[in-house]
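**Student:** Questions regarding the structure given below will be posed in turn.
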Amino acid sequence: MKNDKNKLKNQYRVNEQIHVREVRVVSDAGAEVMPTRKAMDMARQQGVDLVEISPNAQPPVCRLIDYSKFLYQQKKRQKEMKQKQVKVEIKEIRFGPQTDEHDYQFKLKHAQSFLEDGNKVRAYVFFRGRSILFKEQGEVLLLRFANDLEEYGKVEQMPKLEGKKMFLYLSPKKSGQAKKSQQKRDREAAEAQEKLVQDAEQAEKIEKNSVLANAKGGDALKKLKENEENA
């Protein structure tokens, strides 16, 4: 957790760490380009920090925020995400080489449920005594099992005989609980920076519109002057 905290601290330049001459400060009201020193003075007056959120912009985009509070929220969010992580389990399904249809369908439904929950499935046929003579029959059963679960799982390992057991491994194919949890963690990890990125995009858009407006205004003024000279 200490390493995570240090990583967060090193992710953004703050206050005196910002060495450029001027920055674009964004807020809910808009954006303004100003000298970096002036932006730092504003941050001190408001009791917050000047945080560089888009260093590659010209000039870099900054925001006035409470950086300590921001780091605390990030750390808390990371802790919550770790607590919500779902451990992927391997569920076992056992067959005999001559499993009847009713038992097969019963175990097929269990395997389907396991895969839908985001768990892996290890199905195997156990050959007791002379039943090892029916290993081809066991392989056919496992291949049928994999085919019947094609919609829910993908084959990680084709049927393979190990001692008296022939194993087949399946992993979730669709977005089960574990996969959804991973996607959720990814989203939550991005949420902390999403607003900052939006601010940077907003600032760039405002800058482009401002440049365009100035250019149009200049063209109109030039045209008006030409008309007056020709009159």
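Naming works like this for the structure tokens: A, B, ... for the chains as they're shown, residue 1 at the start of each chain, ligands 1 onward in shown order.
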Val61 of chain A: which residues within 8 Å, counting only C-alpha atoms, same-chain residues fewer than 5 positions away excluded, as JSON, numbers by chain?

**Tutor:** {"A": [23, 24, 25, 26, 52, 53, 54, 55, 200, 203]}

**Student:** With N, CA and C atoms retained, could you export that selection as a compact mmCIF listing (two decimals), in the first residue's frame?

**Tutor:**
```
# COMPACT_ATOMS: atom_id res chain seq x y z
N VAL A 23 0.56 28.38 -17.20
CA VAL A 23 -0.32 27.20 -17.21
C VAL A 23 -1.74 27.64 -17.54
N ARG A 24 -2.55 26.66 -17.93
CA ARG A 24 -3.97 26.92 -18.15
C ARG A 24 -4.73 26.33 -16.96
N VAL A 25 -5.32 27.17 -16.17
CA VAL A 25 -6.05 26.73 -14.98
C VAL A 25 -7.51 26.52 -15.36
N VAL A 26 -8.01 25.31 -15.14
CA VAL A 26 -9.39 25.00 -15.48
C VAL A 26 -10.22 24.90 -14.20
N GLU A 52 -0.90 19.75 -11.72
CA GLU A 52 -0.78 19.63 -13.17
C GLU A 52 -1.46 18.33 -13.61
N ILE A 53 -2.54 18.44 -14.39
CA ILE A 53 -3.31 17.26 -14.77
C ILE A 53 -3.10 16.85 -16.22
N SER A 54 -2.56 17.76 -17.02
CA SER A 54 -2.30 17.43 -18.42
C SER A 54 -0.98 18.09 -18.82
N PRO A 55 0.15 17.43 -18.51
CA PRO A 55 1.47 18.05 -18.73
C PRO A 55 1.84 18.25 -20.19
N ALA A 200 -9.18 18.77 -18.99
CA ALA A 200 -8.14 19.08 -19.98
C ALA A 200 -8.75 19.22 -21.37
N ALA A 203 -10.60 22.46 -21.61
CA ALA A 203 -9.69 23.60 -21.74
C ALA A 203 -9.17 23.72 -23.17
```

**Student:** I need the strand (DSSP E or B) residues of segment 20-78 of chain A per DSSP on the backbone, written as a PDB file with all heavy atoms, in the first residue's frame.

**Tutor:**
```
ATOM      1  N   GLU A  22       3.989  29.383 -17.759  1.00  0.00           N
ATOM      2  CA  GLU A  22       2.562  29.651 -17.628  1.00  0.00           C
ATOM      3  C   GLU A  22       1.764  28.359 -17.747  1.00  0.00           C
ATOM      4  O   GLU A  22       2.231  27.366 -18.317  1.00  0.00           O
ATOM      5  CB  GLU A  22       2.085  30.668 -18.669  1.00  0.00           C
ATOM      6  CG  GLU A  22       2.248  30.221 -20.110  1.00  0.00           C
ATOM      7  CD  GLU A  22       1.753  31.273 -21.087  1.00  0.00           C
ATOM      8  OE1 GLU A  22       1.515  32.419 -20.665  1.00  0.00           O
ATOM      9  OE2 GLU A  22       1.566  30.927 -22.275  1.00  0.00           O
ATOM     10  N   VAL A  23       0.557  28.382 -17.204  1.00  0.00           N
ATOM     11  CA  VAL A  23      -0.317  27.204 -17.210  1.00  0.00           C
ATOM     12  C   VAL A  23      -1.735  27.641 -17.544  1.00  0.00           C
ATOM     13  O   VAL A  23      -2.076  28.824 -17.469  1.00  0.00           O
ATOM     14  CB  VAL A  23      -0.316  26.487 -15.835  1.00  0.00           C
ATOM     15  CG1 VAL A  23       1.047  25.896 -15.531  1.00  0.00           C
ATOM     16  CG2 VAL A  23      -0.769  27.439 -14.732  1.00  0.00           C
ATOM     17  N   ARG A  24      -2.545  26.664 -17.933  1.00  0.00           N
ATOM     18  CA  ARG A  24      -3.972  26.919 -18.149  1.00  0.00           C
ATOM     19  C   ARG A  24      -4.726  26.332 -16.965  1.00  0.00           C
ATOM     20  O   ARG A  24      -4.753  25.129 -16.765  1.00  0.00           O
ATOM     21  CB  ARG A  24      -4.455  26.291 -19.454  1.00  0.00           C
ATOM     22  CG  ARG A  24      -5.954  26.526 -19.706  1.00  0.00           C
ATOM     23  CD  ARG A  24      -6.415  25.931 -21.025  1.00  0.00           C
ATOM     24  NE  ARG A  24      -5.869  26.667 -22.149  1.00  0.00           N
ATOM     25  CZ  ARG A  24      -4.979  26.161 -23.003  1.00  0.00           C
ATOM     26  NH1 ARG A  24      -4.542  24.929 -22.853  1.00  0.00           N
ATOM     27  NH2 ARG A  24      -4.521  26.888 -24.006  1.00  0.00           N
ATOM     28  N   VAL A  25      -5.318  27.171 -16.168  1.00  0.00           N
ATOM     29  CA  VAL A  25      -6.048  26.726 -14.979  1.00  0.00           C
ATOM     30  C   VAL A  25      -7.509  26.521 -15.357  1.00  0.00           C
ATOM     31  O   VAL A  25      -8.169  27.443 -15.854  1.00  0.00           O
ATOM     32  CB  VAL A  25      -5.933  27.756 -13.837  1.00  0.00           C
ATOM     33  CG1 VAL A  25      -6.747  27.293 -12.632  1.00  0.00           C
ATOM     34  CG2 VAL A  25      -4.469  27.954 -13.448  1.00  0.00           C
ATOM     35  N   VAL A  26      -8.007  25.313 -15.138  1.00  0.00           N
ATOM     36  CA  VAL A  26      -9.394  24.998 -15.479  1.00  0.00           C
ATOM     37  C   VAL A  26     -10.221  24.900 -14.204  1.00  0.00           C
ATOM     38  O   VAL A  26      -9.734  24.529 -13.142  1.00  0.00           O
ATOM     39  CB  VAL A  26      -9.498  23.681 -16.276  1.00  0.00           C
ATOM     40  CG1 VAL A  26      -8.812  23.798 -17.608  1.00  0.00           C
ATOM     41  CG2 VAL A  26      -8.919  22.516 -15.484  1.00  0.00           C
ATOM     42  N   SER A  27     -11.480  25.244 -14.338  1.00  0.00           N
ATOM     43  CA  SER A  27     -12.436  25.145 -13.234  1.00  0.00           C
ATOM     44  C   SER A  27     -13.812  24.941 -13.827  1.00  0.00           C
ATOM     45  O   SER A  27     -13.973  24.877 -15.056  1.00  0.00           O
ATOM     46  CB  SER A  27     -12.394  26.414 -12.379  1.00  0.00           C
ATOM     47  OG  SER A  27     -12.834  27.527 -13.150  1.00  0.00           O
ATOM     48  N   GLY A  30     -14.674  27.588 -16.368  1.00  0.00           N
ATOM     49  CA  GLY A  30     -13.978  27.684 -17.643  1.00  0.00           C
ATOM     50  C   GLY A  30     -12.489  27.478 -17.481  1.00  0.00           C
ATOM     51  O   GLY A  30     -12.049  26.746 -16.609  1.00  0.00           O
ATOM     52  N   ALA A  31     -11.711  28.176 -18.323  1.00  0.00           N
ATOM     53  CA  ALA A  31     -10.257  28.029 -18.277  1.00  0.00           C
ATOM     54  C   ALA A  31      -9.597  29.371 -18.523  1.00  0.00           C
ATOM     55  O   ALA A  31     -10.135  30.223 -19.235  1.00  0.00           O
ATOM     56  CB  ALA A  31      -9.802  27.016 -19.323  1.00  0.00           C
ATOM     57  N   GLU A  32      -8.411  29.542 -17.935  1.00  0.00           N
ATOM     58  CA  GLU A  32      -7.689  30.803 -18.084  1.00  0.00           C
ATOM     59  C   GLU A  32      -6.197  30.519 -18.098  1.00  0.00           C
ATOM     60  O   GLU A  32      -5.685  29.804 -17.229  1.00  0.00           O
ATOM     61  CB  GLU A  32      -8.029  31.758 -16.944  1.00  0.00           C
ATOM     62  CG  GLU A  32      -7.311  33.094 -17.040  1.00  0.00           C
ATOM     63  CD  GLU A  32      -7.625  34.001 -15.862  1.00  0.00           C
ATOM     64  OE1 GLU A  32      -8.490  33.622 -15.033  1.00  0.00           O
ATOM     65  OE2 GLU A  32      -7.007  35.080 -15.776  1.00  0.00           O
ATOM     66  N   VAL A  33      -5.515  31.085 -19.073  1.00  0.00           N
ATOM     67  CA  VAL A  33      -4.063  30.969 -19.139  1.00  0.00           C
ATOM     68  C   VAL A  33      -3.456  32.092 -18.308  1.00  0.00           C
ATOM     69  O   VAL A  33      -3.843  33.260 -18.447  1.00  0.00           O
ATOM     70  CB  VAL A  33      -3.560  31.044 -20.595  1.00  0.00           C
ATOM     71  CG1 VAL A  33      -2.036  31.023 -20.636  1.00  0.00           C
ATOM     72  CG2 VAL A  33      -4.132  29.889 -21.408  1.00  0.00           C
ATOM     73  N   MET A  34      -2.517  31.724 -17.440  1.00  0.00           N
ATOM     74  CA  MET A  34      -1.899  32.713 -16.561  1.00  0.00           C
ATOM     75  C   MET A  34      -0.492  32.272 -16.189  1.00  0.00           C
ATOM     76  O   MET A  34      -0.131  31.093 -16.346  1.00  0.00           O
ATOM     77  CB  MET A  34      -2.743  32.886 -15.292  1.00  0.00           C
ATOM     78  CG  MET A  34      -2.818  31.627 -14.430  1.00  0.00           C
ATOM     79  SD  MET A  34      -3.845  31.878 -12.953  1.00  0.00           S
ATOM     80  CE  MET A  34      -5.483  32.003 -13.696  1.00  0.00           C
ATOM     81  N   PRO A  35       0.329  33.181 -15.683  1.00  0.00           N
ATOM     82  CA  PRO A  35       1.656  32.797 -15.208  1.00  0.00           C
ATOM     83  C   PRO A  35       1.541  31.771 -14.088  1.00  0.00           C
ATOM     84  O   PRO A  35       0.607  31.836 -13.270  1.00  0.00           O
ATOM     85  CB  PRO A  35       2.250  34.124 -14.699  1.00  0.00           C
ATOM     86  CG  PRO A  35       1.503  35.178 -15.441  1.00  0.00           C
ATOM     87  CD  PRO A  35       0.120  34.648 -15.615  1.00  0.00           C
ATOM     88  N   ASP A  49      -4.096  23.243  -3.624  1.00  0.00           N
ATOM     89  CA  ASP A  49      -2.852  23.040  -4.351  1.00  0.00           C
ATOM     90  C   ASP A  49      -3.067  23.257  -5.846  1.00  0.00           C
ATOM     91  O   ASP A  49      -4.166  23.084  -6.371  1.00  0.00           O
ATOM     92  CB  ASP A  49      -2.336  21.610  -4.129  1.00  0.00           C
ATOM     93  CG  ASP A  49      -2.087  21.312  -2.664  1.00  0.00           C
ATOM     94  OD1 ASP A  49      -1.122  21.871  -2.117  1.00  0.00           O
ATOM     95  OD2 ASP A  49      -2.857  20.521  -2.073  1.00  0.00           O
ATOM     96  N   LEU A  50      -1.982  23.612  -6.517  1.00  0.00           N
ATOM     97  CA  LEU A  50      -1.981  23.703  -7.969  1.00  0.00           C
ATOM     98  C   LEU A  50      -1.466  22.369  -8.496  1.00  0.00           C
ATOM     99  O   LEU A  50      -0.309  22.007  -8.271  1.00  0.00           O
ATOM    100  CB  LEU A  50      -1.080  24.840  -8.444  1.00  0.00           C
ATOM    101  CG  LEU A  50      -1.001  25.033  -9.965  1.00  0.00           C
ATOM    102  CD1 LEU A  50      -2.346  25.522 -10.499  1.00  0.00           C
ATOM    103  CD2 LEU A  50       0.112  26.013 -10.326  1.00  0.00           C
ATOM    104  N   VAL A  51      -2.329  21.605  -9.179  1.00  0.00           N
ATOM    105  CA  VAL A  51      -1.987  20.254  -9.626  1.00  0.00           C
ATOM    106  C   VAL A  51      -2.000  20.203 -11.150  1.00  0.00           C
ATOM    107  O   VAL A  51      -2.983  20.598 -11.785  1.00  0.00           O
ATOM    108  CB  VAL A  51      -2.979  19.208  -9.058  1.00  0.00           C
ATOM    109  CG1 VAL A  51      -2.578  17.806  -9.494  1.00  0.00           C
ATOM    110  CG2 VAL A  51      -3.028  19.296  -7.544  1.00  0.00           C
ATOM    111  N   GLU A  52      -0.904  19.751 -11.720  1.00  0.00           N
ATOM    112  CA  GLU A  52      -0.783  19.627 -13.171  1.00  0.00           C
ATOM    113  C   GLU A  52      -1.461  18.331 -13.613  1.00  0.00           C
ATOM    114  O   GLU A  52      -1.023  17.246 -13.267  1.00  0.00           O
ATOM    115  CB  GLU A  52       0.697  19.601 -13.560  1.00  0.00           C
ATOM    116  CG  GLU A  52       0.945  19.622 -15.056  1.00  0.00           C
ATOM    117  CD  GLU A  52       2.431  19.529 -15.362  1.00  0.00           C
ATOM    118  OE1 GLU A  52       3.038  18.487 -15.028  1.00  0.00           O
ATOM    119  OE2 GLU A  52       2.971  20.500 -15.905  1.00  0.00           O
ATOM    120  N   ILE A  53      -2.541  18.440 -14.391  1.00  0.00           N
ATOM    121  CA  ILE A  53      -3.311  17.262 -14.767  1.00  0.00           C
ATOM    122  C   ILE A  53      -3.100  16.848 -16.221  1.00  0.00           C
ATOM    123  O   ILE A  53      -3.430  15.740 -16.610  1.00  0.00           O
ATOM    124  CB  ILE A  53      -4.822  17.484 -14.514  1.00  0.00           C
ATOM    125  CG1 ILE A  53      -5.332  18.663 -15.333  1.00  0.00           C
ATOM    126  CG2 ILE A  53      -5.100  17.676 -13.040  1.00  0.00           C
ATOM    127  CD1 ILE A  53      -6.827  18.871 -15.238  1.00  0.00           C
ATOM    128  N   SER A  54      -2.565  17.758 -17.021  1.00  0.00           N
ATOM    129  CA  SER A  54      -2.297  17.429 -18.420  1.00  0.00           C
ATOM    130  C   SER A  54      -0.977  18.090 -18.822  1.00  0.00           C
ATOM    131  O   SER A  54      -0.969  19.174 -19.417  1.00  0.00           O
ATOM    132  CB  SER A  54      -3.453  17.903 -19.309  1.00  0.00           C
ATOM    133  OG  SER A  54      -3.236  17.530 -20.648  1.00  0.00           O
ATOM    134  N   VAL A  61      -2.117  21.922 -18.499  1.00  0.00           N
ATOM    135  CA  VAL A  61      -3.398  22.197 -17.834  1.00  0.00           C
ATOM    136  C   VAL A  61      -3.283  21.854 -16.356  1.00  0.00           C
ATOM    137  O   VAL A  61      -2.773  20.799 -15.981  1.00  0.00           O
ATOM    138  CB  VAL A  61      -4.530  21.373 -18.479  1.00  0.00           C
ATOM    139  CG1 VAL A  61      -5.850  21.630 -17.751  1.00  0.00           C
ATOM    140  CG2 VAL A  61      -4.663  21.732 -19.954  1.00  0.00           C
ATOM    141  N   CYS A  62      -3.750  22.763 -15.515  1.00  0.00           N
ATOM    142  CA  CYS A  62      -3.701  22.566 -14.067  1.00  0.00           C
ATOM    143  C   CYS A  62      -5.082  22.793 -13.453  1.00  0.00           C
ATOM    144  O   CYS A  62      -5.955  23.391 -14.072  1.00  0.00           O
ATOM    145  CB  CYS A  62      -2.693  23.523 -13.421  1.00  0.00           C
ATOM    146  SG  CYS A  62      -0.983  23.248 -13.914  1.00  0.00           S
ATOM    147  N   ARG A  63      -5.207  22.314 -12.239  1.00  0.00           N
ATOM    148  CA  ARG A  63      -6.467  22.503 -11.515  1.00  0.00           C
ATOM    149  C   ARG A  63      -6.153  22.811 -10.059  1.00  0.00           C
ATOM    150  O   ARG A  63      -5.169  22.305  -9.504  1.00  0.00           O
ATOM    151  CB  ARG A  63      -7.336  21.251 -11.615  1.00  0.00           C
ATOM    152  CG  ARG A  63      -8.761  21.452 -11.092  1.00  0.00           C
ATOM    153  CD  ARG A  63      -9.630  20.247 -11.397  1.00  0.00           C
ATOM    154  NE  ARG A  63     -10.969  20.405 -10.876  1.00  0.00           N
ATOM    155  CZ  ARG A  63     -11.954  21.019 -11.491  1.00  0.00           C
ATOM    156  NH1 ARG A  63     -11.732  21.511 -12.692  1.00  0.00           N
ATOM    157  NH2 ARG A  63     -13.142  21.129 -10.952  1.00  0.00           N
ATOM    158  N   LEU A  64      -6.986  23.632  -9.451  1.00  0.00           N
ATOM    159  CA  LEU A  64      -6.823  23.975  -8.047  1.00  0.00           C
ATOM    160  C   LEU A  64      -7.652  23.003  -7.210  1.00  0.00           C
ATOM    161  O   LEU A  64      -8.881  23.054  -7.206  1.00  0.00           O
ATOM    162  CB  LEU A  64      -7.286  25.418  -7.783  1.00  0.00           C
ATOM    163  CG  LEU A  64      -6.607  26.512  -8.612  1.00  0.00           C
ATOM    164  CD1 LEU A  64      -7.175  27.878  -8.249  1.00  0.00           C
ATOM    165  CD2 LEU A  64      -5.105  26.492  -8.425  1.00  0.00           C
ATOM    166  N   ILE A  65      -6.966  22.103  -6.508  1.00  0.00           N
ATOM    167  CA  ILE A  65      -7.655  21.098  -5.696  1.00  0.00           C
ATOM    168  C   ILE A  65      -6.859  20.832  -4.425  1.00  0.00           C
ATOM    169  O   ILE A  65      -5.682  21.170  -4.328  1.00  0.00           O
ATOM    170  CB  ILE A  65      -7.833  19.756  -6.458  1.00  0.00           C
ATOM    171  CG1 ILE A  65      -6.482  19.244  -6.946  1.00  0.00           C
ATOM    172  CG2 ILE A  65      -8.815  19.890  -7.599  1.00  0.00           C
ATOM    173  CD1 ILE A  65      -6.572  17.891  -7.650  1.00  0.00           C
TER     174      ILE A  65
END
```

**Student:** Figure out the distance between atom CA of Phe95 of chain A and atom CA of Pro159 of chain A, please, to one decimal in Å.

**Tutor:**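 Between atom CA of Pro159 of chain A and atom CA of Phe95 of chain A the gap works out to 12.8 Å.
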
**Student:** Would you list the contacts of Lys109 of chain A as a list in words, taking every protein, DNA or RNA residue within 12 Å and counting only C-alpha atoms, but skipping same-chain residues closer than 4 positions in sequence?

**Tutor:**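 Neighbouring residues, sequence-local ones excluded: Ile93, His102, Asp103, Tyr104, Gln105, Ser113, Phe114, Leu115, Glu116, Phe145, Asp148, Leu149 and Tyr152 of chain A.
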
**Student:** Rank A:Ala123, A:Arg128, A:Gln73, A:Glu150 by their smallest atom-to-atom distance to Phe167 of chain A, using only C-alpha atoms, and report the top residue only.

**Tutor:** A:Ala123

**Student:** Give the answer as one residue: which of A:Leu143, A:Ala43, A:Ala111, A:Leu170 has the shortest atom-to-atom distance to Val155 of chain A, using only C-alpha atoms?

**Tutor:**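 Of A:Leu143, A:Ala43, A:Ala111, A:Leu170, the one nearest Val155 of chain A is A:Leu170, counting only C-alpha atoms.
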
**Student:** Tell me which of A:Lys82, A:Lys120, A:Arg37, A:Lys160 sits closest to Glu136 of chain A, counting only C-alpha atoms.

**Tutor:** A:Lys160

**Student:** Calculate how many Å separate atom CA of Lys135 of chain A from atom CA of Glu101 of chain A, rounding to one decimal.

**Tutor:**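 Here the two named atoms are 18.0 Å from each other.
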
**Student:** Could you tell me how far atom CA of Asn119 of chain A lies from atom CA of Gln98 of chain A, in Å and to one decimal?

**Tutor:**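 Those two atoms sit 26.3 Å apart.
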
**Student:** Which residues are close to Leu161 of chain A, i.e. within 12 Å by only C-alpha atoms, leaving aside same-chain residues fewer than 6 positions away? Reply as a PyMOL selection string.

**Tutor:** chain A and resi 123-127+132+134-136+138-139+142+167-168

**Student:** Would you give me, as a count of residues only, the residues in segment 10-199 of chain A that DSSP reads as helix (DSSP H, G or I)?

**Tutor:** 91
